[in-house]
$ cat upload.pdb   # PDB, N, CA and C atoms
ATOM      1  N   MET C 199      -5.902  -6.728  -1.870
ATOM      2  CA  MET C 199      -4.744  -6.999  -1.051
ATOM      3  C   MET C 199      -4.937  -6.277   0.278
ATOM      4  N   GLY C 200      -4.918  -6.996   1.404
ATOM      5  CA  GLY C 200      -5.136  -6.411   2.708
ATOM      6  C   GLY C 200      -3.899  -5.720   3.250
ATOM      7  N   LYS C 201      -4.144  -4.725   4.071
ATOM      8  CA  LYS C 201      -3.052  -3.979   4.690
ATOM      9  C   LYS C 201      -2.545  -4.752   5.895
ATOM     10  N   HIS C 202      -1.231  -4.778   6.065
ATOM     11  CA  HIS C 202      -0.627  -5.440   7.213
ATOM     12  C   HIS C 202      -0.793  -4.525   8.433
ATOM     13  N   VAL C 203      -1.451  -5.029   9.481
ATOM     14  CA  VAL C 203      -1.703  -4.235  10.683
ATOM     15  C   VAL C 203      -0.835  -4.765  11.817
ATOM     16  N   ILE C 204      -0.125  -3.851  12.447
ATOM     17  CA  ILE C 204       0.718  -4.182  13.600
ATOM     18  C   ILE C 204       0.104  -3.505  14.816
ATOM     19  N   ARG C 205      -0.209  -4.274  15.844
ATOM     20  CA  ARG C 205      -0.808  -3.728  17.068
ATOM     21  C   ARG C 205       0.237  -3.779  18.178
ATOM     22  N   ILE C 206       0.476  -2.617  18.787
ATOM     23  CA  ILE C 206       1.447  -2.550  19.882
ATOM     24  C   ILE C 206       0.866  -1.703  21.014
ATOM     25  N   SER C 207       1.382  -1.939  22.211
ATOM     26  CA  SER C 207       0.934  -1.170  23.370
ATOM     27  C   SER C 207       1.634   0.192  23.388
ATOM     28  N   GLU C 208       1.097   1.102  24.181
ATOM     29  CA  GLU C 208       1.741   2.409  24.336
ATOM     30  C   GLU C 208       3.160   2.246  24.876
ATOM     31  N   ALA C 209       3.328   1.338  25.825
ATOM     32  CA  ALA C 209       4.646   1.125  26.411
ATOM     33  C   ALA C 209       5.630   0.615  25.358
ATOM     34  N   GLU C 210       5.166  -0.329  24.518
ATOM     35  CA  GLU C 210       6.034  -0.855  23.466
ATOM     36  C   GLU C 210       6.371   0.230  22.449
ATOM     37  N   ALA C 211       5.393   1.073  22.118
ATOM     38  CA  ALA C 211       5.638   2.166  21.177
ATOM     39  C   ALA C 211       6.664   3.145  21.743
ATOM     40  N   ALA C 212       6.555   3.432  23.042
ATOM     41  CA  ALA C 212       7.483   4.360  23.676
ATOM     42  C   ALA C 212       8.898   3.795  23.724
ATOM     43  N   ALA C 213       9.005   2.471  23.835
ATOM     44  CA  ALA C 213      10.317   1.831  23.926
ATOM     45  C   ALA C 213      10.923   1.535  22.559
ATOM     46  N   THR C 214      10.143   1.715  21.495
ATOM     47  CA  THR C 214      10.615   1.405  20.143
ATOM     48  C   THR C 214      11.177   2.648  19.485
ATOM     49  N   ASN C 215      12.244   2.475  18.736
ATOM     50  CA  ASN C 215      12.842   3.562  17.979
ATOM     51  C   ASN C 215      11.809   4.094  16.976
ATOM     52  N   VAL C 216      11.599   5.400  16.977
ATOM     53  CA  VAL C 216      10.605   6.001  16.081
ATOM     54  C   VAL C 216      10.923   5.687  14.621
ATOM     55  N   ALA C 217      12.194   5.666  14.254
ATOM     56  CA  ALA C 217      12.588   5.364  12.876
ATOM     57  C   ALA C 217      12.117   3.973  12.463
ATOM     58  N   THR C 218      12.115   3.046  13.401
ATOM     59  CA  THR C 218      11.649   1.686  13.117
ATOM     60  C   THR C 218      10.155   1.684  12.804
ATOM     61  N   LEU C 219       9.381   2.411  13.609
ATOM     62  CA  LEU C 219       7.936   2.497  13.363
ATOM     63  C   LEU C 219       7.655   3.204  12.039
ATOM     64  N   LEU C 220       8.378   4.275  11.756
ATOM     65  CA  LEU C 220       8.189   4.996  10.500
ATOM     66  C   LEU C 220       8.524   4.128   9.294
ATOM     67  N   ALA C 221       9.585   3.363   9.399
ATOM     68  CA  ALA C 221       9.979   2.486   8.288
ATOM     69  C   ALA C 221       8.881   1.461   8.005
ATOM     70  N   ARG C 222       8.298   0.909   9.054
ATOM     71  CA  ARG C 222       7.206  -0.054   8.864
ATOM     72  C   ARG C 222       5.987   0.615   8.244
ATOM     73  N   GLY C 223       5.672   1.821   8.673
ATOM     74  CA  GLY C 223       4.557   2.561   8.101
ATOM     75  C   GLY C 223       4.797   2.906   6.639
ATOM     76  N   CYS C 224       5.998   3.352   6.327
ATOM     77  CA  CYS C 224       6.330   3.690   4.936
ATOM     78  C   CYS C 224       6.333   2.458   4.045
ATOM     79  N   ALA C 225       6.576   1.295   4.612
ATOM     80  CA  ALA C 225       6.581   0.046   3.841
ATOM     81  C   ALA C 225       5.155  -0.469   3.600
ATOM     82  N   GLY C 226       4.163   0.232   4.152
ATOM     83  CA  GLY C 226       2.787  -0.159   3.891
ATOM     84  C   GLY C 226       2.016  -0.697   5.078
ATOM     85  N   ALA C 227       2.681  -0.892   6.204
ATOM     86  CA  ALA C 227       1.983  -1.402   7.385
ATOM     87  C   ALA C 227       1.204  -0.279   8.068
ATOM     88  N   GLU C 228       0.209  -0.670   8.814
ATOM     89  CA  GLU C 228      -0.529   0.260   9.659
ATOM     90  C   GLU C 228      -0.211  -0.127  11.090
ATOM     91  N   ILE C 229       0.313   0.803  11.873
ATOM     92  CA  ILE C 229       0.671   0.522  13.262
ATOM     93  C   ILE C 229      -0.411   1.114  14.156
ATOM     94  N   VAL C 230      -1.073   0.253  14.920
ATOM     95  CA  VAL C 230      -2.119   0.688  15.847
ATOM     96  C   VAL C 230      -1.523   0.645  17.250
ATOM     97  N   ILE C 231      -1.476   1.802  17.893
ATOM     98  CA  ILE C 231      -0.953   1.889  19.252
ATOM     99  C   ILE C 231      -2.154   1.849  20.191
ATOM    100  N   GLU C 232      -2.089   0.918  21.148
ATOM    101  CA  GLU C 232      -3.244   0.661  22.010
ATOM    102  C   GLU C 232      -2.922   0.861  23.484
ATOM    103  N   ASN C 233      -3.975   1.208  24.230
ATOM    104  CA  ASN C 233      -3.917   1.277  25.683
ATOM    105  C   ASN C 233      -4.988   0.323  26.180
ATOM    106  N   ASP C 234      -4.591  -0.776  26.781
ATOM    107  CA  ASP C 234      -5.522  -1.814  27.240
ATOM    108  C   ASP C 234      -6.437  -2.273  26.099
ATOM    109  N   ALA C 235      -5.850  -2.574  24.957
ATOM    110  CA  ALA C 235      -6.550  -3.063  23.767
ATOM    111  C   ALA C 235      -7.482  -2.033  23.140
ATOM    112  N   ARG C 236      -7.419  -0.765  23.597
ATOM    113  CA  ARG C 236      -8.208   0.314  23.000
ATOM    114  C   ARG C 236      -7.290   1.159  22.125
ATOM    115  N   PRO C 237      -7.565   1.271  20.841
ATOM    116  CA  PRO C 237      -6.707   2.065  19.963
ATOM    117  C   PRO C 237      -6.659   3.528  20.409
ATOM    118  N   VAL C 238      -5.448   4.066  20.514
ATOM    119  CA  VAL C 238      -5.290   5.480  20.870
ATOM    120  C   VAL C 238      -4.614   6.266  19.751
ATOM    121  N   ALA C 239      -3.920   5.576  18.844
ATOM    122  CA  ALA C 239      -3.260   6.241  17.719
ATOM    123  C   ALA C 239      -3.015   5.232  16.608
ATOM    124  N   VAL C 240      -2.979   5.751  15.390
ATOM    125  CA  VAL C 240      -2.703   4.911  14.227
ATOM    126  C   VAL C 240      -1.623   5.599  13.399
ATOM    127  N   LEU C 241      -0.600   4.843  13.024
ATOM    128  CA  LEU C 241       0.491   5.358  12.211
ATOM    129  C   LEU C 241       0.481   4.608  10.882
ATOM    130  N   HIS C 242       0.472   5.357   9.783
ATOM    131  CA  HIS C 242       0.520   4.742   8.453
ATOM    132  C   HIS C 242       1.144   5.740   7.492
ATOM    133  N   ALA C 243       1.508   5.283   6.321
ATOM    134  CA  ALA C 243       2.108   6.152   5.318
ATOM    135  C   ALA C 243       1.111   7.228   4.903
ATOM    136  N   ALA C 244       1.618   8.417   4.613
ATOM    137  CA  ALA C 244       0.765   9.520   4.188
ATOM    138  C   ALA C 244       0.208   9.290   2.796
ATOM    139  N   GLU C 245       0.954   8.614   1.953
ATOM    140  CA  GLU C 245       0.524   8.318   0.591
ATOM    141  C   GLU C 245       0.492   6.805   0.413
ATOM    142  N   PRO C 246      -0.356   6.327  -0.487
ATOM    143  CA  PRO C 246      -0.387   4.877  -0.706
ATOM    144  C   PRO C 246       0.941   4.370  -1.261
ATOM    145  N   VAL C 247       1.250   3.144  -0.920
ATOM    146  CA  VAL C 247       2.456   2.518  -1.450
ATOM    147  C   VAL C 247       2.233   2.268  -2.934
ATOM    148  N   ARG C 248       3.184   2.661  -3.741
ATOM    149  CA  ARG C 248       3.058   2.484  -5.181
ATOM    150  C   ARG C 248       4.107   1.493  -5.669
ATOM    151  N   ARG C 249       3.716   0.698  -6.672
ATOM    152  CA  ARG C 249       4.636  -0.276  -7.265
ATOM    153  C   ARG C 249       5.292   0.325  -8.494
ATOM    154  N   THR C 250       6.526  -0.076  -8.747
ATOM    155  CA  THR C 250       7.188   0.292  -9.993
ATOM    156  C   THR C 250       6.629  -0.591 -11.101
ATOM    157  N   ILE C 251       6.831  -0.194 -12.345
ATOM    158  CA  ILE C 251       6.329  -0.998 -13.463
ATOM    159  C   ILE C 251       6.982  -2.379 -13.456
ATOM    160  N   SER C 252       8.252  -2.453 -13.070
ATOM    161  CA  SER C 252       8.912  -3.761 -13.036
ATOM    162  C   SER C 252       8.308  -4.661 -11.956
ATOM    163  N   GLU C 253       7.882  -4.084 -10.834
ATOM    164  CA  GLU C 253       7.215  -4.876  -9.796
ATOM    165  C   GLU C 253       5.859  -5.366 -10.295
ATOM    166  N   CYS C 254       5.146  -4.519 -11.039
ATOM    167  CA  CYS C 254       3.852  -4.921 -11.600
ATOM    168  C   CYS C 254       4.029  -6.057 -12.597
ATOM    169  N   ILE C 255       5.033  -5.947 -13.447
ATOM    170  CA  ILE C 255       5.293  -6.986 -14.445
ATOM    171  C   ILE C 255       5.645  -8.302 -13.756
ATOM    172  N   ALA C 256       6.415  -8.215 -12.672
ATOM    173  CA  ALA C 256       6.813  -9.424 -11.949
ATOM    174  C   ALA C 256       5.606 -10.131 -11.333
ATOM    175  N   LEU C 257       4.523  -9.402 -11.089
ATOM    176  CA  LEU C 257       3.325  -9.996 -10.500
ATOM    177  C   LEU C 257       2.430 -10.692 -11.524
ATOM    178  N   LEU C 258       2.712 -10.492 -12.806
ATOM    179  CA  LEU C 258       1.890 -11.123 -13.841
ATOM    180  C   LEU C 258       2.047 -12.634 -13.814
ATOM    181  N   PRO C 259       0.978 -13.371 -14.105
ATOM    182  CA  PRO C 259       1.092 -14.832 -14.192
ATOM    183  C   PRO C 259       2.036 -15.215 -15.329
ATOM    184  N   GLU C 260       2.648 -16.374 -15.207
ATOM    185  CA  GLU C 260       3.605 -16.822 -16.227
ATOM    186  C   GLU C 260       2.984 -16.906 -17.612
ATOM    187  N   ASP C 261       1.709 -17.239 -17.697
ATOM    188  CA  ASP C 261       1.059 -17.396 -18.998
ATOM    189  C   ASP C 261       0.420 -16.099 -19.511
ATOM    190  N   SER C 262       0.753 -14.954 -18.891
ATOM    191  CA  SER C 262       0.180 -13.682 -19.304
ATOM    192  C   SER C 262       0.653 -13.295 -20.705
ATOM    193  N   ALA C 263      -0.259 -12.696 -21.466
ATOM    194  CA  ALA C 263       0.063 -12.239 -22.823
ATOM    195  C   ALA C 263       0.432 -10.757 -22.830
ATOM    196  N   ALA C 264       0.533 -10.142 -21.661
ATOM    197  CA  ALA C 264       0.847  -8.719 -21.584
ATOM    198  C   ALA C 264       2.241  -8.442 -22.136
ATOM    199  N   THR C 265       2.343  -7.358 -22.893
ATOM    200  CA  THR C 265       3.636  -6.951 -23.451
ATOM    201  C   THR C 265       3.816  -5.451 -23.293
ATOM    202  N   ILE C 266       5.051  -5.042 -23.195
ATOM    203  CA  ILE C 266       5.379  -3.618 -23.168
ATOM    204  C   ILE C 266       5.865  -3.283 -24.577
ATOM    205  N   ASP C 267       4.993  -2.632 -25.344
ATOM    206  CA  ASP C 267       5.338  -2.276 -26.715
ATOM    207  C   ASP C 267       5.276  -0.756 -26.864
ATOM    208  N   PRO C 268       5.547  -0.228 -28.058
ATOM    209  CA  PRO C 268       5.539   1.230 -28.234
ATOM    210  C   PRO C 268       4.193   1.892 -27.898
ATOM    211  N   ASP C 269       3.098   1.148 -27.943
ATOM    212  CA  ASP C 269       1.785   1.705 -27.632
ATOM    213  C   ASP C 269       1.364   1.503 -26.182
ATOM    214  N   PHE C 270       2.252   1.016 -25.356
ATOM    215  CA  PHE C 270       1.914   0.717 -23.960
ATOM    216  C   PHE C 270       1.353   1.943 -23.244
ATOM    217  N   SER C 271       2.020   3.087 -23.359
ATOM    218  CA  SER C 271       1.553   4.283 -22.639
ATOM    219  C   SER C 271       0.166   4.704 -23.115
ATOM    220  N   LYS C 272      -0.122   4.541 -24.406
ATOM    221  CA  LYS C 272      -1.462   4.862 -24.919
ATOM    222  C   LYS C 272      -2.500   3.918 -24.314
ATOM    223  N   ASP C 273      -2.136   2.640 -24.169
ATOM    224  CA  ASP C 273      -3.047   1.666 -23.564
ATOM    225  C   ASP C 273      -3.343   2.034 -22.111
ATOM    226  N   VAL C 274      -2.313   2.453 -21.387
ATOM    227  CA  VAL C 274      -2.497   2.842 -19.982
ATOM    228  C   VAL C 274      -3.385   4.077 -19.898
ATOM    229  N   GLU C 275      -3.119   5.083 -20.729
ATOM    230  CA  GLU C 275      -3.941   6.296 -20.735
ATOM    231  C   GLU C 275      -5.406   5.964 -21.047
ATOM    232  N   ALA C 276      -5.650   5.079 -22.011
ATOM    233  CA  ALA C 276      -7.019   4.693 -22.368
ATOM    234  C   ALA C 276      -7.699   3.979 -21.197
ATOM    235  N   ALA C 277      -6.964   3.123 -20.514
ATOM    236  CA  ALA C 277      -7.531   2.401 -19.365
ATOM    237  C   ALA C 277      -7.895   3.376 -18.248
ATOM    238  N   ILE C 278      -7.027   4.336 -17.997
ATOM    239  CA  ILE C 278      -7.302   5.335 -16.948
ATOM    240  C   ILE C 278      -8.511   6.172 -17.332
ATOM    241  N   ALA C 279      -8.565   6.615 -18.584
ATOM    242  CA  ALA C 279      -9.669   7.462 -19.043
ATOM    243  C   ALA C 279     -11.015   6.739 -18.975
ATOM    244  N   SER C 280     -10.998   5.427 -19.126
ATOM    245  CA  SER C 280     -12.261   4.681 -19.125
ATOM    246  C   SER C 280     -12.750   4.334 -17.717
ATOM    247  N   HIS C 281     -11.965   4.641 -16.696
ATOM    248  CA  HIS C 281     -12.331   4.333 -15.309
ATOM    249  C   HIS C 281     -12.095   5.556 -14.430
ATOM    250  N   ARG C 282     -12.871   6.587 -14.640
ATOM    251  CA  ARG C 282     -12.682   7.838 -13.898
ATOM    252  C   ARG C 282     -13.385   7.872 -12.544
ATOM    253  N   GLU C 283     -14.212   6.858 -12.231
ATOM    254  CA  GLU C 283     -14.885   6.865 -10.934
ATOM    255  C   GLU C 283     -13.855   6.620  -9.837
ATOM    256  N   PRO C 284     -14.102   7.172  -8.634
ATOM    257  CA  PRO C 284     -13.147   6.975  -7.528
ATOM    258  C   PRO C 284     -13.008   5.502  -7.175
ATOM    259  N   LEU C 285     -11.814   5.110  -6.835
ATOM    260  CA  LEU C 285     -11.573   3.733  -6.410
ATOM    261  C   LEU C 285     -12.011   3.570  -4.969
ATOM    262  N   ASP C 286     -12.631   2.453  -4.680
ATOM    263  CA  ASP C 286     -13.050   2.117  -3.329
ATOM    264  C   ASP C 286     -12.640   0.675  -3.056
ATOM    265  N   PRO C 287     -11.297   0.447  -2.906
ATOM    266  CA  PRO C 287     -10.836  -0.923  -2.721
ATOM    267  C   PRO C 287     -11.284  -1.499  -1.384
ATOM    268  N   PRO C 288     -11.387  -2.814  -1.300
ATOM    269  CA  PRO C 288     -11.752  -3.422  -0.021
ATOM    270  C   PRO C 288     -10.663  -3.203   1.017
ATOM    271  N   ALA C 289     -11.046  -3.124   2.263
ATOM    272  CA  ALA C 289     -10.072  -2.881   3.348
ATOM    273  C   ALA C 289      -9.184  -4.067   3.564
TER     274      ALA C 289
END
$ encode --input "upload.pdb" --output "structure tokens"
Amino acid sequence: MGKHVIRISEAEAAATNVATLLARGCAGAEIVIENDARPVAVLHAAEPVRRTISECIALLPEDSAATIDPDFSKDVEAAIASHREPLDPPA
């Protein structure tokens, strides 16, 4: 899943409410502030955007056989333990 990038000029950044830029960054966007199309600053969330379990479930295909049962947490722990290498997702 690609990151949403917003490119704005220094003048536009100066004229925009900082809370608006922060809200976009916290929502997962990357704001690139440019001077004559040259990046001078980048604003993004300090931590990755995380989904709730209900959001993850909503993303499952309709024909998914996934279930939340009493052993669900054990299944998640086993999956995490079996993939300890660092994640390197595509940009």
$ residues_around --input "upload.pdb" --residues "range 214-227 of chain C" --least-positions-apart "5" --cutoff "6.5 Å" --atoms "all atoms listed in the file" --output "list in words"
Lys201, His202, Val203, Ile204, Ala209, Leu241, His242, Ala243 and Val247 of chain C
$ select_by_dssp --input "upload.pdb" --residues "chain C" --states "alpha helix (DSSP H)" --output "ChimeraX atom specification"
/C:208-213,216-224,251-256,270-279
$ residues_around --input "upload.pdb" --residues "Arg205 in chain C" --least-positions-apart "3" --cutoff "8 Å" --atoms "only C-alpha atoms" --output "PDB file with N, CA and C atoms, keeping the file's coordinate frame"
ATOM      1  N   ILE C 229       0.313   0.803  11.873  1.00  0.00           N
ATOM      2  CA  ILE C 229       0.671   0.522  13.262  1.00  0.00           C
ATOM      3  C   ILE C 229      -0.411   1.114  14.156  1.00  0.00           C
ATOM      4  N   VAL C 230      -1.073   0.253  14.920  1.00  0.00           N
ATOM      5  CA  VAL C 230      -2.119   0.688  15.847  1.00  0.00           C
ATOM      6  C   VAL C 230      -1.523   0.645  17.250  1.00  0.00           C
ATOM      7  N   ILE C 231      -1.476   1.802  17.893  1.00  0.00           N
ATOM      8  CA  ILE C 231      -0.953   1.889  19.252  1.00  0.00           C
ATOM      9  C   ILE C 231      -2.154   1.849  20.191  1.00  0.00           C
ATOM     10  N   GLU C 232      -2.089   0.918  21.148  1.00  0.00           N
ATOM     11  CA  GLU C 232      -3.244   0.661  22.010  1.00  0.00           C
ATOM     12  C   GLU C 232      -2.922   0.861  23.484  1.00  0.00           C
TER      13      GLU C 232
END
$ select_by_dssp --input "upload.pdb" --residues "chain C" --states "strand (DSSP E or B)" --output "list in words"
Val203, Ile204, Arg205, Ile206, Ser207, Glu228, Ile229, Val230, Ile231, Glu232, Asn233, Arg236, Pro237, Val238, Ala239, Val240 and Leu241 of chain C
$ atom_distance --input "upload.pdb" --atom1 "atom N of Arg249 in chain C" --atom2 "CA of Ile206 in chain C"
26.8 Å
$ atom_distance --input "upload.pdb" --atom1 "atom C of Ser271 in chain C" --atom2 "atom C of Asp286 in chain C"
24.1 Å
$ atom_distance --input "upload.pdb" --atom1 "CA of Ser207 in chain C" --atom2 "CA of Arg248 in chain C"
28.9 Å
$ closest_residue --input "upload.pdb" --among "C:Glu228, C:Val240, C:Asn233, C:Glu245" --to "Glu208 in chain C" --atoms "all atoms listed in the file"
C:Asn233
